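Participant: So here's query-v4.txt, just compact mmCIF, N, CA and C atoms and all ligand atoms:
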```
# COMPACT_ATOMS: atom_id res chain seq x y z
N MET A 136 -175.17 33.58 -96.44
CA MET A 136 -173.93 32.92 -96.88
C MET A 136 -174.26 31.87 -97.94
N PRO A 137 -173.53 31.87 -99.03
CA PRO A 137 -173.84 30.90 -100.09
C PRO A 137 -173.47 29.48 -99.71
N MET A 138 -174.22 28.56 -100.24
CA MET A 138 -173.98 27.14 -99.98
C MET A 138 -173.33 26.52 -101.21
N TYR A 139 -172.25 25.79 -100.96
CA TYR A 139 -171.57 25.14 -102.07
C TYR A 139 -171.66 23.63 -101.93
N GLU A 140 -171.80 22.97 -103.04
CA GLU A 140 -171.84 21.52 -103.04
C GLU A 140 -170.57 20.98 -103.66
N TYR A 141 -169.99 20.01 -102.98
CA TYR A 141 -168.77 19.40 -103.48
C TYR A 141 -168.97 17.91 -103.68
N ARG A 142 -168.20 17.36 -104.58
CA ARG A 142 -168.27 15.93 -104.80
C ARG A 142 -166.85 15.41 -104.90
N CYS A 143 -166.57 14.35 -104.16
CA CYS A 143 -165.23 13.77 -104.17
C CYS A 143 -165.08 12.88 -105.40
N SER A 144 -164.01 13.09 -106.13
CA SER A 144 -163.80 12.29 -107.33
C SER A 144 -163.24 10.92 -107.00
N ALA A 145 -162.77 10.73 -105.75
CA ALA A 145 -162.21 9.45 -105.37
C ALA A 145 -163.27 8.50 -104.82
N CYS A 146 -164.05 8.96 -103.83
CA CYS A 146 -165.02 8.06 -103.19
C CYS A 146 -166.46 8.47 -103.50
N GLU A 147 -166.63 9.54 -104.26
CA GLU A 147 -167.96 10.02 -104.68
C GLU A 147 -168.80 10.52 -103.52
N HIS A 148 -168.14 10.81 -102.42
CA HIS A 148 -168.85 11.41 -101.29
C HIS A 148 -169.26 12.83 -101.65
N GLN A 149 -170.52 13.16 -101.36
CA GLN A 149 -170.99 14.51 -101.65
C GLN A 149 -171.28 15.23 -100.35
N PHE A 150 -170.92 16.48 -100.31
CA PHE A 150 -171.19 17.26 -99.10
C PHE A 150 -171.41 18.71 -99.44
N GLU A 151 -172.06 19.40 -98.51
CA GLU A 151 -172.34 20.81 -98.71
C GLU A 151 -171.54 21.62 -97.71
N LEU A 152 -171.19 22.80 -98.14
CA LEU A 152 -170.38 23.67 -97.31
C LEU A 152 -170.91 25.09 -97.42
N ARG A 153 -171.13 25.68 -96.28
CA ARG A 153 -171.53 27.09 -96.27
C ARG A 153 -170.26 27.92 -96.14
N GLN A 154 -170.03 28.74 -97.12
CA GLN A 154 -168.78 29.50 -97.12
C GLN A 154 -169.04 30.96 -97.45
N LYS A 155 -168.18 31.77 -96.93
CA LYS A 155 -168.18 33.17 -97.34
C LYS A 155 -167.51 33.25 -98.70
N PHE A 156 -167.77 34.33 -99.40
CA PHE A 156 -167.14 34.50 -100.70
C PHE A 156 -165.62 34.57 -100.56
N SER A 157 -165.18 35.06 -99.40
CA SER A 157 -163.75 35.24 -99.19
C SER A 157 -163.05 33.94 -98.81
N ASP A 158 -163.83 32.93 -98.41
CA ASP A 158 -163.22 31.67 -98.01
C ASP A 158 -162.65 30.92 -99.20
N ALA A 159 -161.56 30.22 -98.96
CA ALA A 159 -160.99 29.39 -100.01
C ALA A 159 -161.89 28.18 -100.21
N PRO A 160 -162.07 27.76 -101.46
CA PRO A 160 -162.92 26.60 -101.71
C PRO A 160 -162.29 25.33 -101.14
N ALA A 161 -163.16 24.39 -100.77
CA ALA A 161 -162.67 23.12 -100.25
C ALA A 161 -161.94 22.37 -101.35
N SER A 162 -160.88 21.69 -100.99
CA SER A 162 -160.12 20.95 -101.99
C SER A 162 -159.93 19.49 -101.60
N GLU A 163 -160.29 19.18 -100.35
CA GLU A 163 -160.10 17.80 -99.89
C GLU A 163 -161.41 17.22 -99.38
N CYS A 164 -161.60 15.95 -99.67
CA CYS A 164 -162.76 15.22 -99.17
C CYS A 164 -162.60 14.99 -97.67
N PRO A 165 -163.64 15.35 -96.88
CA PRO A 165 -163.53 15.14 -95.43
C PRO A 165 -163.50 13.66 -95.07
N GLN A 166 -163.89 12.82 -96.01
CA GLN A 166 -163.98 11.39 -95.73
C GLN A 166 -162.68 10.66 -96.06
N CYS A 167 -162.13 10.94 -97.25
CA CYS A 167 -160.95 10.18 -97.67
C CYS A 167 -159.77 11.08 -98.01
N GLY A 168 -159.97 12.39 -98.00
CA GLY A 168 -158.88 13.30 -98.31
C GLY A 168 -158.61 13.42 -99.81
N GLY A 169 -159.51 12.84 -100.60
CA GLY A 169 -159.35 12.88 -102.05
C GLY A 169 -159.70 14.24 -102.63
N HIS A 170 -159.50 14.37 -103.90
CA HIS A 170 -159.76 15.62 -104.59
C HIS A 170 -161.27 15.83 -104.77
N VAL A 171 -161.75 17.02 -104.42
CA VAL A 171 -163.18 17.30 -104.58
C VAL A 171 -163.39 18.35 -105.66
N GLU A 172 -164.53 18.27 -106.29
CA GLU A 172 -164.90 19.24 -107.31
C GLU A 172 -166.16 19.96 -106.88
N LYS A 173 -166.18 21.25 -107.15
CA LYS A 173 -167.36 22.04 -106.80
C LYS A 173 -168.48 21.76 -107.80
N MET A 174 -169.66 21.53 -107.27
CA MET A 174 -170.81 21.32 -108.14
C MET A 174 -171.64 22.59 -108.17
N ILE A 175 -172.40 22.73 -109.23
CA ILE A 175 -173.32 23.86 -109.27
C ILE A 175 -174.52 23.52 -108.41
N SER A 176 -174.66 24.26 -107.34
CA SER A 176 -175.70 23.94 -106.36
C SER A 176 -177.08 24.24 -106.91
N GLN A 177 -177.96 23.27 -106.76
CA GLN A 177 -179.35 23.46 -107.19
C GLN A 177 -179.98 24.61 -106.40
N THR A 178 -179.62 24.67 -105.14
CA THR A 178 -180.19 25.69 -104.27
C THR A 178 -179.83 27.08 -104.76
N ALA A 179 -178.54 27.27 -104.98
CA ALA A 179 -178.08 28.58 -105.43
C ALA A 179 -178.71 28.92 -106.77
N PHE A 180 -178.83 27.90 -107.61
CA PHE A 180 -179.38 28.10 -108.93
C PHE A 180 -180.82 28.59 -108.88
N SER A 181 -181.63 27.91 -108.08
CA SER A 181 -183.04 28.27 -108.04
C SER A 181 -183.24 29.62 -107.37
N LEU A 182 -182.38 29.95 -106.41
CA LEU A 182 -182.48 31.25 -105.77
C LEU A 182 -182.24 32.34 -106.79
N LYS A 183 -181.24 32.12 -107.62
CA LYS A 183 -180.91 33.06 -108.66
C LYS A 183 -182.06 33.13 -109.67
N GLY A 184 -182.54 31.92 -110.01
CA GLY A 184 -183.59 31.82 -111.03
C GLY A 184 -184.87 32.53 -110.64
N ASP A 185 -185.20 32.45 -109.36
CA ASP A 185 -186.43 33.07 -108.92
C ASP A 185 -186.46 34.56 -109.26
N GLY A 186 -185.36 35.22 -108.92
CA GLY A 186 -185.28 36.64 -109.19
C GLY A 186 -185.35 36.92 -110.68
N TRP A 187 -184.72 36.05 -111.42
CA TRP A 187 -184.67 36.20 -112.86
C TRP A 187 -186.04 36.07 -113.49
N PHE A 188 -186.71 34.98 -113.13
CA PHE A 188 -188.01 34.71 -113.74
C PHE A 188 -189.06 35.68 -113.23
N ALA A 189 -188.86 36.16 -112.01
CA ALA A 189 -189.81 37.11 -111.46
C ALA A 189 -189.83 38.38 -112.30
N GLN A 190 -188.67 38.69 -112.88
CA GLN A 190 -188.58 39.90 -113.68
C GLN A 190 -188.96 39.64 -115.12
N GLY A 191 -189.09 38.40 -115.48
CA GLY A 191 -189.42 38.06 -116.85
C GLY A 191 -188.17 37.95 -117.69
N TYR A 192 -188.21 37.10 -118.66
CA TYR A 192 -187.07 36.93 -119.54
C TYR A 192 -186.99 38.10 -120.49
N CYS A 193 -185.81 38.65 -120.61
CA CYS A 193 -185.66 39.82 -121.46
C CYS A 193 -185.48 39.41 -122.92
N PRO A 194 -186.38 39.82 -123.78
CA PRO A 194 -186.25 39.44 -125.19
C PRO A 194 -185.12 40.18 -125.88
N LYS A 195 -184.48 39.52 -126.84
CA LYS A 195 -183.35 40.13 -127.55
C LYS A 195 -183.85 41.13 -128.60
N THR A 196 -185.11 40.97 -128.98
CA THR A 196 -185.65 41.82 -130.03
C THR A 196 -186.04 43.18 -129.47
N GLU A 197 -186.60 44.00 -130.32
CA GLU A 197 -187.03 45.33 -129.89
C GLU A 197 -188.41 45.30 -129.25
N ALA A 198 -188.88 44.11 -128.93
CA ALA A 198 -190.18 44.00 -128.28
C ALA A 198 -190.14 44.74 -126.95
N PRO A 199 -191.30 45.21 -126.49
CA PRO A 199 -191.33 45.92 -125.20
C PRO A 199 -190.73 45.08 -124.09
N LYS A 200 -189.92 45.71 -123.27
CA LYS A 200 -189.28 45.00 -122.17
C LYS A 200 -190.31 44.67 -121.09
N PRO A 201 -190.14 43.51 -120.44
CA PRO A 201 -191.06 43.17 -119.36
C PRO A 201 -190.96 44.17 -118.22
N ALA A 202 -192.05 44.32 -117.51
CA ALA A 202 -192.07 45.24 -116.38
C ALA A 202 -190.97 44.87 -115.38
N GLY A 203 -190.29 45.86 -114.90
CA GLY A 203 -189.24 45.61 -113.90
C GLY A 203 -187.90 45.35 -114.53
N CYS A 204 -187.86 45.18 -115.84
CA CYS A 204 -186.62 44.84 -116.50
C CYS A 204 -185.62 45.98 -116.45
N ALA A 205 -186.08 47.17 -116.73
CA ALA A 205 -185.19 48.32 -116.81
C ALA A 205 -184.48 48.55 -115.47
N SER A 206 -185.22 48.41 -114.40
CA SER A 206 -184.63 48.65 -113.08
C SER A 206 -183.91 47.41 -112.56
N GLY A 207 -184.35 46.23 -113.03
CA GLY A 207 -183.79 44.98 -112.52
C GLY A 207 -182.45 44.65 -113.12
N GLY A 208 -182.11 45.27 -114.26
CA GLY A 208 -180.80 45.06 -114.84
C GLY A 208 -180.67 43.77 -115.64
N CYS A 209 -181.79 43.12 -116.00
CA CYS A 209 -181.69 41.86 -116.72
C CYS A 209 -181.31 42.10 -118.17
N CYS A 210 -181.38 43.33 -118.63
CA CYS A 210 -181.02 43.64 -120.02
C CYS A 210 -179.61 44.21 -120.10
N ALA A 211 -178.92 44.24 -118.98
CA ALA A 211 -177.61 44.87 -118.92
C ALA A 211 -176.60 44.17 -119.81
N ALA A 212 -176.69 42.84 -119.93
CA ALA A 212 -175.68 42.09 -120.66
C ALA A 212 -175.92 42.06 -122.16
ZN ZN B 301 -163.61 11.05 -100.77
```
Just give me the structure as C-alpha cells.
Ligand SMILES: [Zn+2]
Facilitator:
Amino acid sequence: MPMYEYRCSACEHQFELRQKFSDAPASECPQCGGHVEKMISQTAFSLKGDGWFAQGYCPKTEAPKPAGCASGGCCAA
C-alpha cells in the first residue's frame, strides 16, 4: 500500500497516511481540521527511483540502450 505524506497549511502539522489507490485523499488535518496538501513522499520517490536507476538511465540518443531497458520499459515514453 502506498504511503502518502500530508502537510497542514494551517498549523503545519505533517503526517503520513497509508492509503489504497482507491481511497479518497485526506483533506483535513487530524489536529486542527485545516486544509492539508499532499506532499511528494520521499519514500515513494526512492522506491520508484531504485527501479529506475537499477535499469540505467535511458539515453535519448541512438546510443546502445542499457541492459534491461528494452524489457523494463524505461524507453517507452
Ligand atoms: Zn492543522
Participant: Smallest atom-to-atom distance to ligand ZN 301 (chain B): which of A:Glu163, A:Lys155, A:Cys146, A:Val171, using only C-alpha atoms and all ligand atoms?
Facilitator: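 Looking at the shortest contact to ligand ZN 301 (chain B), the residue is A:Cys146.
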Participant: Within 6.5 Å of ligand ZN 301 (chain B) (counting only N, CA and C atoms and all ligand atoms), which residues show up? I'd like them as a list in words.
Facilitator: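 The residues near ligand ZN 301 (chain B) are Cys143, Ser144, Ala145, Cys146, Glu147, His148, Cys164, Pro165, Gln166, Cys167, Gly168, Gly169 and His170 of chain A.
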Participant: Please report, as JSON, the centre and edge lengths in Å to one decimal of an axis-aligned box covering all listed atoms of segment 166-175 of chain A with 6 Å per side.
Facilitator:
```
{"center_x": -166.6, "center_y": 17.0, "center_z": -102.5, "size_x": 27.9, "size_y": 25.7, "size_z": 25.5}
```
Participant: For atom N of Gln154 of chain A and atom C of Pro137 of chain A, determine how far apart the two atoms are, in Å to one decimal place.
Facilitator: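 Value for the atom N of Gln154 of chain A-atom C of Pro137 of chain A distance: 4.4 Å.
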Participant: Please indicate the distance in Å from atom CA of Met138 of chain A to atom N of Glu151 of chain A, rounded to one decimal place.
Facilitator: 8.1 Å
Participant: Set the distance at 5 Å and use all atoms listed in the file: which residues neighbour Tyr141 of chain A once local chain neighbours fewer than 2 positions away are removed? I'd like the list as a ChimeraX atom specification.
Facilitator: /A:139,143,149-151,172-174
Participant: Would you mind reading off the distance between atom N of Leu152 of chain A and atom N of Glu140 of chain A, one decimal, in Å?
Facilitator: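 Taking atom N of Leu152 of chain A as the start and atom N of Glu140 of chain A as the end point, the length is 4.9 Å.
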